[in-house]
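A.B. asks: To be precise about what I am sending: the file is called protein_33.pdb and holds PDB, C-alpha atoms.
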```pdb
ATOM      1  CA  MET C   1      87.689 104.077 125.504
ATOM      2  CA  ASP C   2      88.962 101.848 122.697
ATOM      3  CA  THR C   3      92.515 101.553 121.377
ATOM      4  CA  LEU C   4      91.836 103.920 118.519
ATOM      5  CA  GLU C   5      90.544 106.776 120.674
ATOM      6  CA  THR C   6      93.368 106.229 123.188
ATOM      7  CA  ALA C   7      95.921 106.447 120.363
ATOM      8  CA  VAL C   8      94.289 109.660 119.108
ATOM      9  CA  ASP C   9      94.506 111.111 122.629
ATOM     10  CA  ARG C  10      98.205 110.311 122.727
ATOM     11  CA  VAL C  11      98.853 111.935 119.332
ATOM     12  CA  LEU C  12      96.860 115.002 120.413
ATOM     13  CA  ARG C  13      99.069 115.242 123.532
ATOM     14  CA  GLY C  14     102.166 115.334 121.299
ATOM     15  CA  ASP C  15     103.105 111.637 121.147
ATOM     16  CA  SER C  16     103.260 111.443 117.357
ATOM     17  CA  ALA C  17     104.707 107.898 117.470
ATOM     18  CA  ALA C  18     101.270 106.743 118.678
ATOM     19  CA  PHE C  19      99.975 107.409 115.173
ATOM     20  CA  GLN C  20     101.375 104.016 114.208
ATOM     21  CA  LEU C  21      98.792 102.446 116.540
ATOM     22  CA  ILE C  22      96.080 104.192 114.519
ATOM     23  CA  VAL C  23      97.572 102.844 111.274
ATOM     24  CA  ASP C  24      97.837  99.324 112.709
ATOM     25  CA  ALA C  25      94.257  99.389 114.011
ATOM     26  CA  THR C  26      92.638 100.701 110.838
ATOM     27  CA  SER C  27      94.731  99.985 107.738
ATOM     28  CA  ARG C  28      93.170  96.628 106.894
ATOM     29  CA  LYS C  29      89.624  97.967 106.942
ATOM     30  CA  LEU C  30      90.481 101.224 105.193
ATOM     31  CA  VAL C  31      92.467  99.546 102.394
ATOM     32  CA  ARG C  32      89.579  97.148 101.815
ATOM     33  CA  LEU C  33      87.112 100.056 101.710
ATOM     34  CA  GLY C  34      89.408 101.957  99.340
ATOM     35  CA  ALA C  35      89.826  98.889  97.122
ATOM     36  CA  ARG C  36      86.076  98.404  96.870
ATOM     37  CA  ILE C  37      85.631 101.997  95.731
ATOM     38  CA  MET C  38      88.739 102.243  93.548
ATOM     39  CA  GLY C  39      88.448  98.703  92.145
ATOM     40  CA  ASN C  40      91.987  97.597  92.953
ATOM     41  CA  GLN C  41      94.414  97.421  95.842
ATOM     42  CA  ALA C  42      97.263  99.538  94.459
ATOM     43  CA  ASP C  43      95.071 102.615  93.968
ATOM     44  CA  ALA C  44      93.433 101.951  97.336
ATOM     45  CA  GLU C  45      96.799 101.952  99.103
ATOM     46  CA  ASP C  46      97.703 105.286  97.474
ATOM     47  CA  VAL C  47      94.395 106.794  98.613
ATOM     48  CA  VAL C  48      94.682 105.408 102.164
ATOM     49  CA  GLN C  49      98.316 106.509 102.508
ATOM     50  CA  GLU C  50      97.327 110.032 101.508
ATOM     51  CA  ALA C  51      94.405 109.851 103.948
ATOM     52  CA  TYR C  52      96.781 108.948 106.809
ATOM     53  CA  VAL C  53      99.045 111.880 105.951
ATOM     54  CA  LYS C  54      96.019 114.217 106.009
ATOM     55  CA  ALA C  55      94.818 112.725 109.285
ATOM     56  CA  TYR C  56      98.273 113.061 110.864
ATOM     57  CA  ARG C  57      98.495 116.671 109.729
ATOM     58  CA  ALA C  58      95.058 117.389 111.196
ATOM     59  CA  LEU C  59      95.847 115.704 114.506
ATOM     60  CA  THR C  60      99.205 117.403 114.982
ATOM     61  CA  LYS C  61      97.959 120.831 113.897
ATOM     62  CA  GLY C  62      94.658 120.844 115.763
ATOM     63  CA  GLY C  63      92.435 120.201 112.748
ATOM     64  CA  PHE C  64      90.420 117.363 114.310
ATOM     65  CA  ASP C  65      87.549 118.627 116.464
ATOM     66  CA  ARG C  66      86.285 115.144 117.518
ATOM     67  CA  ARG C  67      82.702 115.950 116.564
ATOM     68  CA  ALA C  68      82.690 112.583 114.767
ATOM     69  CA  SER C  69      84.277 109.400 116.057
ATOM     70  CA  THR C  70      87.808 108.715 114.846
ATOM     71  CA  ALA C  71      86.594 105.773 112.754
ATOM     72  CA  THR C  72      83.924 107.873 111.010
ATOM     73  CA  TRP C  73      86.442 110.669 110.451
ATOM     74  CA  LEU C  74      89.000 108.299 108.883
ATOM     75  CA  TYR C  75      86.280 106.723 106.727
ATOM     76  CA  ARG C  76      85.351 110.222 105.548
ATOM     77  CA  ILE C  77      88.921 111.112 104.567
ATOM     78  CA  VAL C  78      89.347 107.843 102.663
ATOM     79  CA  VAL C  79      85.960 108.062 100.918
ATOM     80  CA  ASN C  80      86.564 111.682  99.874
ATOM     81  CA  GLY C  81      90.052 110.806  98.644
ATOM     82  CA  ALA C  82      88.744 107.815  96.692
ATOM     83  CA  ILE C  83      85.937 109.863  95.109
ATOM     84  CA  ASP C  84      88.433 112.564  94.065
ATOM     85  CA  ALA C  85      90.852 109.974  92.679
ATOM     86  CA  LYS C  86      88.068 108.213  90.753
ATOM     87  CA  ARG C  87      86.861 111.502  89.286
ATOM     88  CA  SER C  88      90.308 112.619  88.213
ATOM     89  CA  ARG C  89      91.027 109.218  86.649
ATOM     90  CA  LYS C  90      87.765 109.421  84.735
ATOM     91  CA  ARG C  91      88.546 112.975  83.580
ATOM     92  CA  ARG C  92      91.972 111.926  82.350
ATOM     93  CA  GLY C  93      90.538 108.743  80.813
ATOM     94  CA  GLU C  94      92.987 106.562  82.719
ATOM     95  CA  ALA C  95      92.398 102.907  83.445
ATOM     96  CA  SER C  96      92.766 101.648  86.996
ATOM     97  CA  ASP C  97      96.221 100.742  88.172
ATOM     98  CA  LEU C  98      96.174  96.982  88.035
ATOM     99  CA  GLN C  99      99.754  96.559  89.139
ATOM    100  CA  LEU C 100      99.922  93.571  91.436
ATOM    101  CA  GLU C 101     101.382  93.832  94.863
ATOM    102  CA  SER C 102     104.157  91.458  95.792
ATOM    103  CA  GLY C 103     102.420  90.666  99.063
ATOM    104  CA  TRP C 104      99.404  89.266  97.288
ATOM    105  CA  ASP C 105      99.502  85.541  97.187
ATOM    106  CA  GLY C 106      97.314  82.643  98.092
ATOM    107  CA  ALA C 107      94.055  81.483  96.588
ATOM    108  CA  ALA C 108      91.782  83.661  98.751
ATOM    109  CA  LEU C 109      93.622  86.828  97.784
ATOM    110  CA  ALA C 110      93.703  85.844  94.106
ATOM    111  CA  GLU C 111      89.940  85.324  94.231
ATOM    112  CA  ALA C 112      89.518  88.645  95.998
ATOM    113  CA  ARG C 113      91.500  90.359  93.270
ATOM    114  CA  VAL C 114      89.294  88.813  90.589
ATOM    115  CA  ALA C 115      86.215  89.915  92.556
ATOM    116  CA  LEU C 116      87.564  93.471  92.789
ATOM    117  CA  THR C 117      87.997  93.555  89.013
ATOM    118  CA  GLU C 118      84.430  92.279  88.538
ATOM    119  CA  LEU C 119      83.143  94.872  91.006
ATOM    120  CA  ASP C 120      85.086  97.642  89.269
ATOM    121  CA  ASP C 121      83.705  96.673  85.823
ATOM    122  CA  TRP C 122      80.160  96.387  87.135
ATOM    123  CA  LEU C 123      80.154  99.697  89.009
ATOM    124  CA  SER C 124      82.105 101.597  86.322
ATOM    125  CA  ALA C 125      78.885 103.144  84.980
ATOM    126  CA  LEU C 126      78.215 104.891  88.296
ATOM    127  CA  PRO C 127      79.425 108.370  89.252
ATOM    128  CA  ALA C 128      82.040 108.150  92.030
ATOM    129  CA  GLU C 129      79.779 109.427  94.829
ATOM    130  CA  GLN C 130      76.981 106.930  93.964
ATOM    131  CA  ARG C 131      79.501 104.129  93.842
ATOM    132  CA  ALA C 132      80.905 105.142  97.235
ATOM    133  CA  ALA C 133      77.420 105.296  98.789
ATOM    134  CA  LEU C 134      76.573 101.833  97.422
ATOM    135  CA  VAL C 135      79.834 100.352  98.694
ATOM    136  CA  LEU C 136      79.336 101.895 102.142
ATOM    137  CA  GLN C 137      75.829 100.471 102.384
ATOM    138  CA  SER C 138      76.080  97.077 100.725
ATOM    139  CA  MET C 139      79.652  96.113 101.497
ATOM    140  CA  GLU C 140      80.630  98.023 104.642
ATOM    141  CA  GLY C 141      77.210  97.564 106.260
ATOM    142  CA  LEU C 142      76.634 101.234 107.152
ATOM    143  CA  ASN C 143      73.097 102.576 107.487
ATOM    144  CA  ASN C 144      71.937 105.771 105.754
ATOM    145  CA  THR C 145      72.629 107.957 108.816
ATOM    146  CA  GLU C 146      76.199 106.667 109.051
ATOM    147  CA  ILE C 147      76.728 107.067 105.297
ATOM    148  CA  ALA C 148      75.462 110.652 105.540
ATOM    149  CA  GLN C 149      78.000 111.356 108.318
ATOM    150  CA  VAL C 150      80.841 109.799 106.354
ATOM    151  CA  MET C 151      79.969 111.544 103.091
ATOM    152  CA  GLY C 152      79.050 114.860 104.724
ATOM    153  CA  VAL C 153      75.617 115.054 103.053
ATOM    154  CA  SER C 154      72.003 114.714 104.189
ATOM    155  CA  GLU C 155      70.293 111.350 104.559
ATOM    156  CA  GLY C 156      68.004 112.392 101.701
ATOM    157  CA  ALA C 157      71.003 112.881  99.440
ATOM    158  CA  VAL C 158      72.300 109.435 100.432
ATOM    159  CA  GLU C 159      68.922 107.851  99.656
ATOM    160  CA  GLN C 160      68.867 109.603  96.277
ATOM    161  CA  ARG C 161      72.378 108.386  95.418
ATOM    162  CA  LEU C 162      71.488 104.805  96.340
ATOM    163  CA  VAL C 163      68.241 104.836  94.325
ATOM    164  CA  ARG C 164      70.018 106.290  91.289
ATOM    165  CA  ALA C 165      72.884 103.828  91.592
ATOM    166  CA  ARG C 166      70.519 100.866  91.638
ATOM    167  CA  ALA C 167      68.492 102.301  88.727
ATOM    168  CA  THR C 168      71.682 102.659  86.661
ATOM    169  CA  LEU C 169      72.755  99.093  87.469
ATOM    170  CA  ARG C 170      69.288  97.810  86.530
ATOM    171  CA  GLN C 171      69.407  99.672  83.217
ATOM    172  CA  LYS C 172      72.865  98.332  82.544
ATOM    173  CA  ARG C 173      71.623  94.801  83.173
ATOM    174  CA  GLU C 174      68.631  95.240  80.849
ATOM    175  CA  SER C 175      70.737  96.685  78.055
ATOM    176  CA  SER C 176      73.307  93.886  78.211
TER
ATOM    177  CA  MET U 177      63.638  87.199  91.557
ATOM    178  CA  THR U 178      63.397  90.981  90.923
ATOM    179  CA  ASP U 179      66.185  93.037  89.434
ATOM    180  CA  LEU U 180      66.792  94.704  92.802
ATOM    181  CA  GLU U 181      67.157  91.359  94.574
ATOM    182  CA  ASP U 182      69.527  90.343  91.838
ATOM    183  CA  ILE U 183      71.612  93.475  92.364
ATOM    184  CA  ASP U 184      71.655  92.963  96.132
ATOM    185  CA  ARG U 185      72.635  89.311  95.775
ATOM    186  CA  ARG U 186      75.491  90.227  93.464
ATOM    187  CA  LEU U 187      76.646  92.954  95.847
ATOM    188  CA  ALA U 188      76.540  90.469  98.742
ATOM    189  CA  ARG U 189      78.522  87.912  96.751
ATOM    190  CA  LEU U 190      81.177  90.500  95.825
ATOM    191  CA  ARG U 191      81.285  91.740  99.437
ATOM    192  CA  ASP U 192      82.066  88.198 100.630
ATOM    193  CA  ALA U 193      84.556  87.650  97.827
ATOM    194  CA  THR U 194      86.464  90.850  98.679
ATOM    195  CA  GLU U 195      86.578  90.295 102.453
ATOM    196  CA  ALA U 196      90.115  88.891 102.117
ATOM    197  CA  VAL U 197      91.462  92.145 100.654
ATOM    198  CA  HIS U 198      94.027  93.691 102.953
ATOM    199  CA  GLU U 199      97.045  95.950 102.829
ATOM    200  CA  SER U 200     100.304  94.660 101.373
ATOM    201  CA  PRO U 201     103.122  93.831 103.848
ATOM    202  CA  ALA U 202     105.092  96.954 102.909
ATOM    203  CA  PHE U 203     102.126  99.281 103.332
ATOM    204  CA  SER U 204     102.658 100.220 106.968
ATOM    205  CA  ALA U 205     106.329 101.046 106.322
ATOM    206  CA  ARG U 206     105.322 103.158 103.299
ATOM    207  CA  VAL U 207     102.863 105.135 105.420
ATOM    208  CA  LEU U 208     105.420 105.707 108.173
ATOM    209  CA  GLN U 209     107.928 106.912 105.578
ATOM    210  CA  ALA U 210     105.351 109.369 104.207
ATOM    211  CA  LEU U 211     104.619 110.564 107.753
ATOM    212  CA  ALA U 212     108.340 111.013 108.454
ATOM    213  CA  ALA U 213     108.618 113.169 105.323
ATOM    214  CA  GLU U 214     105.590 115.126 106.535
ATOM    215  CA  SER U 215     107.137 115.635 109.978
ATOM    216  CA  ALA U 216     110.541 116.735 108.659
ATOM    217  CA  PRO U 217     110.805 120.529 108.902
ATOM    218  CA  SER U 218     110.882 122.454 105.639
ATOM    219  CA  PHE U 219     113.767 124.713 104.572
ATOM    220  CA  TRP U 220     111.988 127.826 105.895
ATOM    221  CA  GLU U 221     111.107 126.119 109.194
ATOM    222  CA  ASN U 222     114.776 125.133 109.545
ATOM    223  CA  ALA U 223     115.857 128.668 108.741
ATOM    224  CA  TRP U 224     113.420 130.057 111.318
ATOM    225  CA  PHE U 225     114.530 127.706 114.088
ATOM    226  CA  SER U 226     118.222 128.356 113.343
ATOM    227  CA  SER U 227     117.702 132.099 113.285
ATOM    228  CA  ARG U 228     115.848 132.006 116.625
ATOM    229  CA  ARG U 229     118.977 130.668 118.324
ATOM    230  CA  LEU U 230     121.031 133.547 116.862
ATOM    231  CA  LEU U 231     118.490 136.178 117.905
ATOM    232  CA  PRO U 232     120.247 137.309 121.183
ATOM    233  CA  VAL U 233     123.602 137.567 119.388
ATOM    234  CA  ALA U 234     121.963 139.528 116.578
ATOM    235  CA  ALA U 235     120.291 141.877 119.110
ATOM    236  CA  VAL U 236     123.608 142.617 120.876
ATOM    237  CA  ALA U 237     125.343 143.147 117.509
ATOM    238  CA  ALA U 238     122.575 145.525 116.426
ATOM    239  CA  ALA U 239     122.858 147.538 119.696
ATOM    240  CA  LEU U 240     126.653 147.809 119.303
ATOM    241  CA  ALA U 241     126.241 148.895 115.680
ATOM    242  CA  VAL U 242     123.772 151.631 116.667
ATOM    243  CA  GLY U 243     126.135 152.837 119.434
ATOM    244  CA  TRP U 244     129.067 152.904 117.036
ATOM    245  CA  ALA U 245     126.996 154.770 114.401
ATOM    246  CA  VAL U 246     125.948 157.422 116.944
ATOM    247  CA  GLN U 247     129.562 157.861 118.081
ATOM    248  CA  VAL U 248     130.864 158.187 114.510
ATOM    249  CA  ASP U 249     128.101 160.682 113.740
ATOM    250  CA  ARG U 250     129.097 162.854 116.765
ATOM    251  CA  SER U 251     132.796 162.836 115.830
ATOM    252  CA  ALA U 252     131.884 163.800 112.266
ATOM    253  CA  ASP U 253     129.744 166.679 113.573
ATOM    254  CA  ASP U 254     132.630 167.851 115.825
ATOM    255  CA  GLU U 255     135.059 167.766 112.953
ATOM    256  CA  LEU U 256     132.686 169.668 110.697
ATOM    257  CA  ALA U 257     132.102 172.214 113.465
ATOM    258  CA  SER U 258     135.830 172.775 113.925
ATOM    259  CA  SER U 259     136.274 173.031 110.156
ATOM    260  CA  TYR U 260     133.590 175.705 109.913
ATOM    261  CA  ALA U 261     135.118 177.517 112.878
ATOM    262  CA  SER U 262     138.444 177.689 111.097
ATOM    263  CA  VAL U 263     137.039 179.341 108.008
ATOM    264  CA  GLY U 264     138.252 182.857 107.949
ATOM    265  CA  PHE U 265     136.573 185.767 106.278
ATOM    266  CA  GLU U 266     138.864 188.249 104.874
TER
END
```
Could you show the structure in this file as structure tokens?

C.D. replies:
Amino acid sequence: MDTLETAVDRVLRGDSAAFQLIVDATSRKLVRLGARIMGNQADAEDVVQEAYVKAYRALTKGGFDRRASTATWLYRIVVNGAIDAKRSRKRRGEASDLQLESGWDGAALAEARVALTELDDWLSALPAEQRAALVLQSMEGLNNTEIAQVMGVSEGAVEQRLVRARATLRQKRESS
Amino acid sequence: MTDLEDIDRRLARLRDATEAVHESPAFSARVLQALAAESAPSFWENAWFSSRRLLPVAAVAAALAVGWAVQVDRSADDELASSYASVGFE
């Protein structure tokens, strides 16, 4: 059993301090996933923090049934949170929070930030769930079955979202 | 190159360019602070836990109060009975 599942076992047995092991083992990957969907790191950190609080609540109150792996379950909470946040931002007509984090320095991170902005602009025409499906496939390397598990929809629905997302991006390219 | 290949190439380029994204140094502390706030008992939880400790005392106090009430009621009945008994009909 890997570190993550062992840490979950410990939290389920009442050792809530072991939740920090879960945060340490997953925060890098989840913040990157959140940033790719949200388009910036600050919003991603808000979404991932909220996801951890939800996960902690579920683990300590018996809301995690372990039907999915812990990694898939955490991905699902983050993706759902990011989709909700994207939708509510769009409804309120808010721009993304481009506030820079003090911990961001160095050329690689500066380039990554520029790339996130480019990604956000490019994918802005897509509905949040299509954007999330595209990010999960093309950037996180998940296959359609895994995306379906994370997003809680059928593989057919995933396929449809990916086809529509690509069609929208193609149209956008032709019209520009 | 087709449009789809173009889209996939751009996605791959942006995937590589965003690989370096990671959480800020303060992130872990922020999460732990949020979890601590989540774990802290609410006002009503505090009230419930405090009241549970006082439950035996409250039970004894309630039993004494009932006993006292019954005793007072009996003495009142006795006094009323003696008052009625003293009423004279002329």

A.B. asks: Using all atoms listed in the file, which residues of chain C come within 8 Å of chain U, and what is the closest atom pair for each, with the distance in Å to one decimal? Give it as a Markdown table, sorted by chain and residue number.

C.D. replies:
```
| residue | atom | partner | partner_atom | distance |
| --- | --- | --- | --- | --- |
| C:Gln20 | CA | U:Leu208 | CA | 7.5 |
| C:Val23 | CA | U:Ser204 | CA | 7.2 |
| C:Asp24 | CA | U:Ser204 | CA | 7.6 |
| C:Ser27 | CA | U:Glu199 | CA | 6.8 |
| C:Arg28 | CA | U:His198 | CA | 5.0 |
| C:Lys29 | CA | U:His198 | CA | 7.3 |
| C:Val31 | CA | U:Glu199 | CA | 5.8 |
| C:Arg32 | CA | U:Val197 | CA | 5.5 |
| C:Ala35 | CA | U:Val197 | CA | 7.8 |
| C:Arg36 | CA | U:Thr194 | CA | 7.8 |
| C:Gln41 | CA | U:Glu199 | CA | 7.6 |
| C:Glu45 | CA | U:Glu199 | CA | 7.1 |
| C:Gln49 | CA | U:Val207 | CA | 5.6 |
| C:Tyr52 | CA | U:Val207 | CA | 7.3 |
| C:Val53 | CA | U:Leu211 | CA | 6.0 |
| C:Tyr56 | CA | U:Leu211 | CA | 7.5 |
| C:Arg57 | CA | U:Glu214 | CA | 7.9 |
| C:Glu101 | CA | U:Ser200 | CA | 6.7 |
| C:Ser102 | CA | U:Ser200 | CA | 7.5 |
| C:Gly103 | CA | U:Ser200 | CA | 5.1 |
| C:Trp104 | CA | U:Ser200 | CA | 6.8 |
| C:Ala108 | CA | U:Ala196 | CA | 6.4 |
| C:Leu109 | CA | U:Ala196 | CA | 5.9 |
| C:Glu111 | CA | U:Ala193 | CA | 6.9 |
| C:Ala112 | CA | U:Thr194 | CA | 4.6 |
| C:Arg113 | CA | U:Thr194 | CA | 7.4 |
| C:Ala115 | CA | U:Ala193 | CA | 6.0 |
| C:Leu116 | CA | U:Thr194 | CA | 6.5 |
| C:Leu119 | CA | U:Leu190 | CA | 6.8 |
| C:Ser138 | CA | U:Leu187 | CA | 6.4 |
| C:Met139 | CA | U:Arg191 | CA | 5.1 |
| C:Arg166 | CA | U:Leu180 | CA | 7.3 |
| C:Leu169 | CA | U:Ile183 | CA | 7.5 |
| C:Arg170 | CA | U:Asp179 | CA | 6.4 |
```

A.B. asks: Please enclose the listed atoms of segment 32-42 of chain C in an axis-aligned box, pad each side by 6 Å, and write out the centre and the three edge lengths in Å, rounded to one decimal, as lines of an AutoDock Vina configuration file.

C.D. replies:
```
center_x = 91.4
center_y = 99.7
center_z = 97.0
size_x = 23.6
size_y = 17.1
size_z = 21.7
```

A.B. asks: Show which residues sit within 8 Å of segment 77-84 of chain C, as a list in words. Count all atoms listed in the file, and ignore same-chain residues fewer than 5 positions away.

C.D. replies: Leu30, Gly34, Ile37, Met38, Ala44, Val47, Val48, Glu50, Ala51, Lys54, Ala55, Ala128, Glu129, Ala132, Val150 and Met151 of chain C

A.B. asks: Report, in Å with one decimal, the straight-line distance from atom CA of Gly39 of chain C to atom CA of Asp121 of chain C.

C.D. replies: 8.2 Å

A.B. asks: How far is it from atom CA of Arg87 of chain C to atom CA of Asp43 of chain C, in Å with one decimal?

C.D. replies: 13.0 Å

A.B. asks: In Å to one decimal, how far is atom CA of Ser124 of chain C from atom CA of Lys90 of chain C?

C.D. replies: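 These two atoms are separated by 9.8 Å.
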
A.B. asks: Give me the residues near segment 17-19 of chain C as a CSV table (one decimal) with C-alpha atoms, keeping the file's coordinate frame, where near means some atom within 7 Å (using only C-alpha atoms) and where sequence neighbours in that chain fewer than 5 positions away do not count.

C.D. replies:
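After the write, out_22.csv holds the following:
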```csv
chain,number,residue,atom,x,y,z
C,7,ALA,CA,95.9,106.4,120.4
C,10,ARG,CA,98.2,110.3,122.7
C,11,VAL,CA,98.9,111.9,119.3
```

A.B. asks: Return as number ranges by chain the set of residues that the PyMOL selection byres ((chain C and resi 145) around 10) yields on the displayed structure.

C.D. replies: C: 142-144, 146-151, 153-156, 158-159

A.B. asks: May I ask you to restore N, CA and C atoms in segment 182-203 of chain U and write the result as a short mmCIF file (atom, residue, chain, number, x, y, z; two decimals), keeping the file's coordinate frame?

C.D. replies:
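File selection-v6.cif, as written:
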```cif
data_model
loop_
_atom_site.label_atom_id
_atom_site.label_comp_id
_atom_site.auth_asym_id
_atom_site.auth_seq_id
_atom_site.Cartn_x
_atom_site.Cartn_y
_atom_site.Cartn_z
N ASP U 182 68.38 90.83 92.58
CA ASP U 182 69.53 90.34 91.84
C ASP U 182 70.75 91.22 92.11
N ILE U 183 70.51 92.54 92.09
CA ILE U 183 71.61 93.48 92.36
C ILE U 183 72.14 93.26 93.77
N ASP U 184 71.23 93.14 94.74
CA ASP U 184 71.66 92.96 96.13
C ASP U 184 72.39 91.64 96.35
N ARG U 185 71.94 90.61 95.65
CA ARG U 185 72.64 89.31 95.78
C ARG U 185 74.05 89.39 95.20
N ARG U 186 74.16 90.10 94.08
CA ARG U 186 75.49 90.23 93.46
C ARG U 186 76.42 91.07 94.36
N LEU U 187 75.85 92.13 94.93
CA LEU U 187 76.65 92.95 95.85
C LEU U 187 77.11 92.13 97.05
N ALA U 188 76.19 91.30 97.57
CA ALA U 188 76.54 90.47 98.74
C ALA U 188 77.63 89.46 98.37
N ARG U 189 77.51 88.89 97.18
CA ARG U 189 78.52 87.91 96.75
C ARG U 189 79.89 88.59 96.63
N LEU U 190 79.90 89.79 96.00
CA LEU U 190 81.18 90.50 95.82
C LEU U 190 81.73 91.01 97.16
N ARG U 191 80.82 91.35 98.10
CA ARG U 191 81.28 91.74 99.44
C ARG U 191 82.04 90.57 100.08
N ASP U 192 81.42 89.37 100.02
CA ASP U 192 82.07 88.20 100.63
C ASP U 192 83.39 87.88 99.93
N ALA U 193 83.36 88.01 98.60
CA ALA U 193 84.56 87.65 97.83
C ALA U 193 85.70 88.63 98.04
N THR U 194 85.39 89.86 98.48
CA THR U 194 86.46 90.85 98.68
C THR U 194 86.83 91.03 100.16
N GLU U 195 86.26 90.20 101.02
CA GLU U 195 86.58 90.30 102.45
C GLU U 195 88.07 90.08 102.72
N ALA U 196 88.70 89.24 101.87
CA ALA U 196 90.12 88.89 102.12
C ALA U 196 91.08 90.00 101.72
N VAL U 197 90.57 91.06 101.07
CA VAL U 197 91.46 92.14 100.65
C VAL U 197 92.08 92.80 101.88
N HIS U 198 93.37 92.97 101.86
CA HIS U 198 94.03 93.69 102.95
C HIS U 198 95.27 94.38 102.42
N GLU U 199 95.87 95.19 103.25
CA GLU U 199 97.04 95.95 102.83
C GLU U 199 98.23 95.03 102.56
N SER U 200 99.11 95.47 101.66
CA SER U 200 100.30 94.66 101.37
C SER U 200 101.28 94.77 102.56
N PRO U 201 102.22 93.83 102.69
CA PRO U 201 103.12 93.83 103.85
C PRO U 201 103.93 95.13 103.98
N ALA U 202 104.25 95.75 102.85
CA ALA U 202 105.09 96.95 102.91
C ALA U 202 104.28 98.22 103.18
N PHE U 203 102.96 98.08 103.25
CA PHE U 203 102.13 99.28 103.33
C PHE U 203 102.40 100.13 104.57
#
```
